[in-house]
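Okay, run-v1.pdb now, which holds PDB, C-alpha atoms:
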ATOM      1  CA  MET P 284       0.000   0.000   0.000  1.00  0.00           C
ATOM      2  CA  ASN P 285       1.413   3.401  -0.923  1.00  0.00           C
ATOM      3  CA  ALA P 286       1.067   6.723   0.893  1.00  0.00           C
ATOM      4  CA  ALA P 287      -1.872   7.810  -1.281  1.00  0.00           C
ATOM      5  CA  ASP P 288      -3.850   4.741  -0.165  1.00  0.00           C
ATOM      6  CA  THR P 289      -3.532   5.647   3.517  1.00  0.00           C
ATOM      7  CA  SER P 290      -4.028   9.388   3.076  1.00  0.00           C
ATOM      8  CA  ARG P 291      -7.301  11.084   3.982  1.00  0.00           C
ATOM      9  CA  GLY P 292      -7.017  12.944   0.697  1.00  0.00           C
ATOM     10  CA  ARG P 293      -4.757  15.098  -1.454  1.00  0.00           C
ATOM     11  CA  VAL P 294      -5.131  18.820  -0.812  1.00  0.00           C
ATOM     12  CA  LEU P 295      -3.687  21.677  -2.838  1.00  0.00           C
ATOM     13  CA  ILE P 296      -3.374  24.843  -0.745  1.00  0.00           C
ATOM     14  CA  VAL P 297      -3.123  28.071  -2.735  1.00  0.00           C
ATOM     15  CA  ASP P 298      -2.131  31.326  -1.045  1.00  0.00           C
ATOM     16  CA  ASP P 299       0.387  34.080  -1.708  1.00  0.00           C
ATOM     17  CA  GLU P 300       1.191  34.338   2.008  1.00  0.00           C
ATOM     18  CA  ARG P 301       3.941  31.888   3.018  1.00  0.00           C
ATOM     19  CA  SER P 302       2.803  31.823   6.664  1.00  0.00           C
ATOM     20  CA  VAL P 303      -0.703  30.726   5.648  1.00  0.00           C
ATOM     21  CA  LEU P 304       0.659  27.958   3.425  1.00  0.00           C
ATOM     22  CA  ASP P 305       2.958  26.729   6.181  1.00  0.00           C
ATOM     23  CA  SER P 306       0.418  26.694   9.001  1.00  0.00           C
ATOM     24  CA  TYR P 307      -2.497  25.197   7.044  1.00  0.00           C
ATOM     25  CA  ALA P 308      -0.234  22.599   5.437  1.00  0.00           C
ATOM     26  CA  ARG P 309       1.153  21.638   8.847  1.00  0.00           C
ATOM     27  CA  TRP P 310      -2.363  21.216  10.277  1.00  0.00           C
ATOM     28  CA  LEU P 311      -3.604  19.123   7.364  1.00  0.00           C
ATOM     29  CA  ILE P 312      -0.503  16.912   7.267  1.00  0.00           C
ATOM     30  CA  LYS P 313      -0.892  16.291  10.997  1.00  0.00           C
ATOM     31  CA  ALA P 314      -4.529  15.313  10.309  1.00  0.00           C
ATOM     32  CA  GLY P 315      -3.411  12.696   7.747  1.00  0.00           C
ATOM     33  CA  PHE P 316      -3.741  14.535   4.429  1.00  0.00           C
ATOM     34  CA  GLU P 317      -1.195  14.722   1.640  1.00  0.00           C
ATOM     35  CA  VAL P 318      -0.563  18.400   0.950  1.00  0.00           C
ATOM     36  CA  ALA P 319       0.868  20.326  -1.974  1.00  0.00           C
ATOM     37  CA  GLU P 320       1.295  24.085  -1.998  1.00  0.00           C
ATOM     38  CA  ALA P 321       1.065  26.804  -4.625  1.00  0.00           C
ATOM     39  CA  SER P 322       1.958  30.442  -4.050  1.00  0.00           C
ATOM     40  CA  GLY P 323      -0.549  31.727  -6.609  1.00  0.00           C
ATOM     41  CA  GLY P 324      -3.212  30.873  -9.149  1.00  0.00           C
ATOM     42  CA  ALA P 325      -0.855  30.263 -12.070  1.00  0.00           C
ATOM     43  CA  GLU P 326       1.227  27.782 -10.076  1.00  0.00           C
ATOM     44  CA  ALA P 327      -1.961  26.106  -8.834  1.00  0.00           C
ATOM     45  CA  LEU P 328      -3.217  25.606 -12.384  1.00  0.00           C
ATOM     46  CA  GLN P 329       0.110  24.015 -13.371  1.00  0.00           C
ATOM     47  CA  ARG P 330      -0.088  21.659 -10.394  1.00  0.00           C
ATOM     48  CA  ILE P 331      -3.706  20.743 -11.165  1.00  0.00           C
ATOM     49  CA  GLU P 332      -2.744  19.955 -14.768  1.00  0.00           C
ATOM     50  CA  SER P 333       0.154  17.718 -13.736  1.00  0.00           C
ATOM     51  CA  ASP P 334      -1.231  16.029 -10.617  1.00  0.00           C
ATOM     52  CA  GLN P 335      -4.488  14.844  -9.087  1.00  0.00           C
ATOM     53  CA  PHE P 336      -6.044  16.370  -5.995  1.00  0.00           C
ATOM     54  CA  ASP P 337      -9.148  15.673  -3.954  1.00  0.00           C
ATOM     55  CA  VAL P 338      -9.508  19.265  -2.741  1.00  0.00           C
ATOM     56  CA  VAL P 339      -8.292  22.736  -3.667  1.00  0.00           C
ATOM     57  CA  LEU P 340      -8.150  25.208  -0.774  1.00  0.00           C
ATOM     58  CA  SER P 341      -7.550  28.674  -2.226  1.00  0.00           C
ATOM     59  CA  ASP P 342      -7.316  32.218  -0.975  1.00  0.00           C
ATOM     60  CA  ILE P 343      -9.503  34.684  -2.861  1.00  0.00           C
ATOM     61  CA  SER P 344      -7.182  37.696  -2.634  1.00  0.00           C
ATOM     62  CA  MET P 345      -4.098  36.959  -4.724  1.00  0.00           C
ATOM     63  CA  PRO P 346      -2.304  38.968  -7.408  1.00  0.00           C
ATOM     64  CA  GLU P 347      -2.686  38.064 -11.098  1.00  0.00           C
ATOM     65  CA  ILE P 348      -5.005  35.049 -10.859  1.00  0.00           C
ATOM     66  CA  ASP P 349      -7.254  35.513  -7.835  1.00  0.00           C
ATOM     67  CA  GLY P 350      -9.330  32.801  -6.192  1.00  0.00           C
ATOM     68  CA  PHE P 351     -12.401  33.493  -8.321  1.00  0.00           C
ATOM     69  CA  ALA P 352     -10.440  33.273 -11.575  1.00  0.00           C
ATOM     70  CA  LEU P 353      -8.798  30.083 -10.332  1.00  0.00           C
ATOM     71  CA  LEU P 354     -12.208  28.633  -9.441  1.00  0.00           C
ATOM     72  CA  ARG P 355     -13.549  29.449 -12.927  1.00  0.00           C
ATOM     73  CA  ARG P 356     -10.568  27.729 -14.572  1.00  0.00           C
ATOM     74  CA  VAL P 357     -10.824  24.696 -12.308  1.00  0.00           C
ATOM     75  CA  ARG P 358     -14.550  24.412 -13.144  1.00  0.00           C
ATOM     76  CA  ALA P 359     -13.768  24.616 -16.878  1.00  0.00           C
ATOM     77  CA  ARG P 360     -11.378  21.694 -16.455  1.00  0.00           C
ATOM     78  CA  SER P 361     -13.219  19.615 -13.852  1.00  0.00           C
ATOM     79  CA  VAL P 362     -16.765  19.932 -12.589  1.00  0.00           C
ATOM     80  CA  ASP P 363     -16.205  17.544  -9.713  1.00  0.00           C
ATOM     81  CA  LEU P 364     -13.003  18.806  -8.034  1.00  0.00           C
ATOM     82  CA  PRO P 365     -14.099  20.490  -4.779  1.00  0.00           C
ATOM     83  CA  VAL P 366     -12.780  24.016  -4.274  1.00  0.00           C
ATOM     84  CA  ILE P 367     -12.913  25.703  -0.886  1.00  0.00           C
ATOM     85  CA  LEU P 368     -12.267  29.438  -0.941  1.00  0.00           C
ATOM     86  CA  MET P 369     -10.660  31.336   1.928  1.00  0.00           C
ATOM     87  CA  LEU P 370     -11.908  34.854   2.642  1.00  0.00           C
ATOM     88  CA  ASP P 371     -10.078  37.484   4.656  1.00  0.00           C
ATOM     89  CA  THR P 372     -13.381  38.881   5.937  1.00  0.00           C
ATOM     90  CA  LEU P 373     -16.960  37.701   5.734  1.00  0.00           C
ATOM     91  CA  ASN P 374     -18.730  39.604   2.998  1.00  0.00           C
ATOM     92  CA  ASN P 375     -22.135  38.474   1.740  1.00  0.00           C
ATOM     93  CA  ARG P 376     -21.482  39.527  -1.840  1.00  0.00           C
ATOM     94  CA  THR P 377     -18.183  37.606  -1.932  1.00  0.00           C
ATOM     95  CA  ALA P 378     -19.725  34.543  -0.284  1.00  0.00           C
ATOM     96  CA  ILE P 379     -22.626  34.496  -2.751  1.00  0.00           C
ATOM     97  CA  GLN P 380     -20.254  34.869  -5.691  1.00  0.00           C
ATOM     98  CA  ALA P 381     -18.117  31.986  -4.391  1.00  0.00           C
ATOM     99  CA  VAL P 382     -21.106  29.653  -4.200  1.00  0.00           C
ATOM    100  CA  GLU P 383     -22.519  30.795  -7.558  1.00  0.00           C
ATOM    101  CA  LEU P 384     -19.182  30.037  -9.235  1.00  0.00           C
ATOM    102  CA  GLY P 385     -19.197  26.533  -7.811  1.00  0.00           C
ATOM    103  CA  ALA P 386     -17.147  26.674  -4.618  1.00  0.00           C
ATOM    104  CA  LEU P 387     -18.028  23.845  -2.274  1.00  0.00           C
ATOM    105  CA  GLN P 388     -17.603  26.143   0.712  1.00  0.00           C
ATOM    106  CA  TYR P 389     -15.919  29.288   1.895  1.00  0.00           C
ATOM    107  CA  LEU P 390     -14.026  29.724   5.135  1.00  0.00           C
ATOM    108  CA  VAL P 391     -13.041  32.969   6.842  1.00  0.00           C
ATOM    109  CA  LYS P 392      -9.439  33.421   7.950  1.00  0.00           C
ATOM    110  CA  PRO P 393      -8.038  32.699  10.406  1.00  0.00           C
ATOM    111  CA  ILE P 394      -9.461  29.209  10.026  1.00  0.00           C
ATOM    112  CA  ASP P 395      -9.832  26.997  13.059  1.00  0.00           C
ATOM    113  CA  PRO P 396      -7.708  23.823  12.576  1.00  0.00           C
ATOM    114  CA  GLU P 397     -10.668  21.541  13.388  1.00  0.00           C
ATOM    115  CA  ALA P 398     -12.929  23.328  10.906  1.00  0.00           C
ATOM    116  CA  LEU P 399     -10.216  23.123   8.255  1.00  0.00           C
ATOM    117  CA  GLU P 400      -9.728  19.406   8.873  1.00  0.00           C
ATOM    118  CA  GLU P 401     -13.474  18.675   8.838  1.00  0.00           C
ATOM    119  CA  MET P 402     -14.075  20.633   5.624  1.00  0.00           C
ATOM    120  CA  ALA P 403     -11.071  19.068   3.862  1.00  0.00           C
ATOM    121  CA  ALA P 404     -12.189  15.586   4.930  1.00  0.00           C
ATOM    122  CA  TYR P 405     -15.745  16.201   3.735  1.00  0.00           C
ATOM    123  CA  ALA P 406     -14.535  17.576   0.393  1.00  0.00           C
ATOM    124  CA  ALA P 407     -12.125  14.661  -0.127  1.00  0.00           C
ATOM    125  CA  ARG P 408     -14.844  12.099   0.670  1.00  0.00           C
ATOM    126  CA  LEU P 409     -17.204  13.868  -1.723  1.00  0.00           C
ATOM    127  CA  HIS P 410     -14.626  13.913  -4.518  1.00  0.00           C
ATOM    128  CA  ARG P 411     -13.686  10.263  -4.049  1.00  0.00           C
ATOM    129  CA  SER P 412     -17.363   9.300  -4.002  1.00  0.00           C
ATOM    130  CA  ARG P 413     -17.995  11.199  -7.231  1.00  0.00           C
ATOM    131  CA  ARG P 414     -15.001   9.521  -8.892  1.00  0.00           C
ATOM    132  CA  ALA P 415     -16.220   6.088  -7.788  1.00  0.00           C
ATOM    133  CA  THR P 416     -19.697   6.812  -9.133  1.00  0.00           C
ATOM    134  CA  LEU P 417     -18.312   7.987 -12.468  1.00  0.00           C
ATOM    135  CA  ALA P 418     -16.083   4.923 -12.710  1.00  0.00           C
ATOM    136  CA  ALA P 419     -19.123   2.693 -12.198  1.00  0.00           C
ATOM    137  CA  PHE P 420     -21.222   4.622 -14.703  1.00  0.00           C
ATOM    138  CA  ARG P 421     -20.333   3.565 -18.229  1.00  0.00           C
ATOM    139  CA  ASN P 422     -21.961   4.357 -21.525  1.00  0.00           C
ATOM    140  CA  ARG P 423     -23.162   1.671 -23.943  1.00  0.00           C
ATOM    141  CA  ARG P 424     -19.708   1.175 -25.483  1.00  0.00           C
ATOM    142  CA  GLY P 425     -18.234   0.450 -22.067  1.00  0.00           C
ATOM    143  CA  GLU P 426     -16.211   3.657 -21.992  1.00  0.00           C
ATOM    144  CA  GLN P 427     -15.908   5.604 -18.800  1.00  0.00           C
ATOM    145  CA  VAL P 428     -18.025   8.746 -18.818  1.00  0.00           C
ATOM    146  CA  ASN P 429     -16.170  11.839 -17.653  1.00  0.00           C
ATOM    147  CA  ALA P 430     -18.325  14.388 -15.810  1.00  0.00           C
ATOM    148  CA  SER P 431     -16.689  17.276 -17.652  1.00  0.00           C
ATOM    149  CA  SER P 432     -17.636  15.781 -21.033  1.00  0.00           C
ATOM    150  CA  PHE P 433     -21.044  14.331 -20.169  1.00  0.00           C
ATOM    151  CA  THR P 434     -23.517  16.032 -22.490  1.00  0.00           C
ATOM    152  CA  ALA P 435     -27.258  16.530 -22.136  1.00  0.00           C
ATOM    153  CA  THR P 436     -27.737  14.144 -25.067  1.00  0.00           C
ATOM    154  CA  ASP P 437     -25.742  11.457 -23.254  1.00  0.00           C
ATOM    155  CA  ALA P 438     -27.812  12.026 -20.107  1.00  0.00           C
ATOM    156  CA  LYS P 439     -31.069  11.813 -22.087  1.00  0.00           C
ATOM    157  CA  LYS P 440     -29.987   8.542 -23.727  1.00  0.00           C
ATOM    158  CA  GLU P 441     -28.895   7.065 -20.390  1.00  0.00           C
ATOM    159  CA  PHE P 442     -32.129   8.148 -18.717  1.00  0.00           C
ATOM    160  CA  GLY P 443     -34.102   6.504 -21.552  1.00  0.00           C
ATOM    161  CA  ARG P 444     -32.127   3.295 -21.100  1.00  0.00           C
ATOM    162  CA  VAL P 445     -32.749   3.316 -17.333  1.00  0.00           C
ATOM    163  CA  LEU P 446     -36.461   4.078 -17.816  1.00  0.00           C
ATOM    164  CA  GLU P 447     -36.785   1.199 -20.287  1.00  0.00           C
ATOM    165  CA  MET P 448     -35.128  -1.116 -17.758  1.00  0.00           C
ATOM    166  CA  VAL P 449     -37.667  -0.062 -15.103  1.00  0.00           C
ATOM    167  CA  ILE P 450     -40.597  -0.518 -17.477  1.00  0.00           C
ATOM    168  CA  GLN P 451     -39.414  -4.064 -18.137  1.00  0.00           C
ATOM    169  CA  GLY P 452     -39.397  -4.782 -14.387  1.00  0.00           C
ATOM    170  CA  GLY P 453     -35.737  -4.109 -13.688  1.00  0.00           C
ATOM    171  CA  VAL P 454     -34.503  -2.629 -10.465  1.00  0.00           C
ATOM    172  CA  VAL P 455     -32.524   0.617 -10.513  1.00  0.00           C
ATOM    173  CA  VAL P 456     -30.670   1.969  -7.510  1.00  0.00           C
ATOM    174  CA  ILE P 457     -29.750   5.644  -7.588  1.00  0.00           C
ATOM    175  CA  THR P 458     -27.253   6.981  -5.101  1.00  0.00           C
TER     176      THR P 458
END
Please re-express this file's structure in structure tokens.
Amino acid sequence: MNAADTSRGRVLIVDDERSVLDSYARWLIKAGFEVAEASGGAEALQRIESDQFDVVLSDISMPEIDGFALLRRVRARSVDLPVILMLDTLNNRTAIQAVELGALQYLVKPIDPEALEEMAAYAARLHRSRRATLAAFRNRRGEQVNASSFTATDAKKEFGRVLEMVIQGGVVVIT
């Protein structure tokens, strides 16, 4: 068994403040997560392209590529990778924008270590569950369906196939 098998999840922490990266990484490593760090949005995107993560934990306020821009680019690449945004202060407009853009959650700095651990664990479990579901869900040719390339036409065809199975007395379990 390798380290990834025993890890609670792989987390990418993105922040332009070294002290934030160090402290949050230390807390998550102590809690059993594998942690990678990026000092900005551009570096985070490179890491996401070259490696796999269960969770992205990103600051919103960063130069060049801020947390919102990073979230948009992550969503364009992967609809199922959970992104948790870190806010410096609670602001309703910012929180609403984070959720509308597809953030799983937002946390206000300084983040309590227990809250950080719980949110990272939840996000990692959610991501792993989604990956397992997608791996089990195959189209008619037996190819794996990727959530980012699953079209409405594919969904309609699959729904029709499932409905036909039910009409013929089959049992369908939806999770």
Problem set entry | Length of the CA of Leu364 in chain P to CA of Gly443 in chain P vector [Å] |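 So the answer is 27.9 Å.
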For this session: Please evaluate the PyMOL selection byres ((chain P and resi 301-314) around 12) against the displayed coordinates and give the resulting residues as number ranges by chain.
Result: P: 289-300, 315-323, 338, 340-342, 369, 371, 392-404
Name the residues that the PyMOL selection byres ((chain P and resi 372-382) around 12) picks from the file above, as a PDB file with C-alpha atoms, in the coordinates of the input, using the file's chain letters and numbers.
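As a result, out.pdb now contains:
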ATOM      1  CA  SER P 341      -7.550  28.674  -2.226  1.00  0.00           C
ATOM      2  CA  ASP P 342      -7.316  32.218  -0.975  1.00  0.00           C
ATOM      3  CA  ILE P 343      -9.503  34.684  -2.861  1.00  0.00           C
ATOM      4  CA  SER P 344      -7.182  37.696  -2.634  1.00  0.00           C
ATOM      5  CA  ASP P 349      -7.254  35.513  -7.835  1.00  0.00           C
ATOM      6  CA  GLY P 350      -9.330  32.801  -6.192  1.00  0.00           C
ATOM      7  CA  PHE P 351     -12.401  33.493  -8.321  1.00  0.00           C
ATOM      8  CA  ALA P 352     -10.440  33.273 -11.575  1.00  0.00           C
ATOM      9  CA  LEU P 353      -8.798  30.083 -10.332  1.00  0.00           C
ATOM     10  CA  LEU P 354     -12.208  28.633  -9.441  1.00  0.00           C
ATOM     11  CA  ARG P 355     -13.549  29.449 -12.927  1.00  0.00           C
ATOM     12  CA  PRO P 365     -14.099  20.490  -4.779  1.00  0.00           C
ATOM     13  CA  VAL P 366     -12.780  24.016  -4.274  1.00  0.00           C
ATOM     14  CA  ILE P 367     -12.913  25.703  -0.886  1.00  0.00           C
ATOM     15  CA  LEU P 368     -12.267  29.438  -0.941  1.00  0.00           C
ATOM     16  CA  MET P 369     -10.660  31.336   1.928  1.00  0.00           C
ATOM     17  CA  LEU P 370     -11.908  34.854   2.642  1.00  0.00           C
ATOM     18  CA  ASP P 371     -10.078  37.484   4.656  1.00  0.00           C
ATOM     19  CA  GLU P 383     -22.519  30.795  -7.558  1.00  0.00           C
ATOM     20  CA  LEU P 384     -19.182  30.037  -9.235  1.00  0.00           C
ATOM     21  CA  GLY P 385     -19.197  26.533  -7.811  1.00  0.00           C
ATOM     22  CA  ALA P 386     -17.147  26.674  -4.618  1.00  0.00           C
ATOM     23  CA  LEU P 387     -18.028  23.845  -2.274  1.00  0.00           C
ATOM     24  CA  GLN P 388     -17.603  26.143   0.712  1.00  0.00           C
ATOM     25  CA  TYR P 389     -15.919  29.288   1.895  1.00  0.00           C
ATOM     26  CA  LEU P 390     -14.026  29.724   5.135  1.00  0.00           C
ATOM     27  CA  VAL P 391     -13.041  32.969   6.842  1.00  0.00           C
ATOM     28  CA  LYS P 392      -9.439  33.421   7.950  1.00  0.00           C
ATOM     29  CA  PRO P 393      -8.038  32.699  10.406  1.00  0.00           C
ATOM     30  CA  ILE P 394      -9.461  29.209  10.026  1.00  0.00           C
TER      31      ILE P 394
END
Need the axis-aligned box for range 401-419 of chain P with 3 Å each side, so what are the centre and edges in Å to one decimal, as lines of an AutoDock Vina configuration file?
center_x = -15.4
center_y = 11.7
center_z = -1.9
size_x = 14.6
size_y = 23.9
size_z = 27.5
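We find CA of Lys439 in chain P and CA of Arg356 in chain P to be spaced 27.0 Å apart.
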Problem set entry | Point-to-point distance in Å for CA of Gln335 in chain P and CA of Asp363 in chain P |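 Distance between the two atoms: 12.0 Å.
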Seminar exercise, completed: Counting all atoms listed in the file, the residue among P:Leu328, P:Asp337, P:Glu347, P:Arg444 that lies closest to Leu409 in chain P is P:Asp337
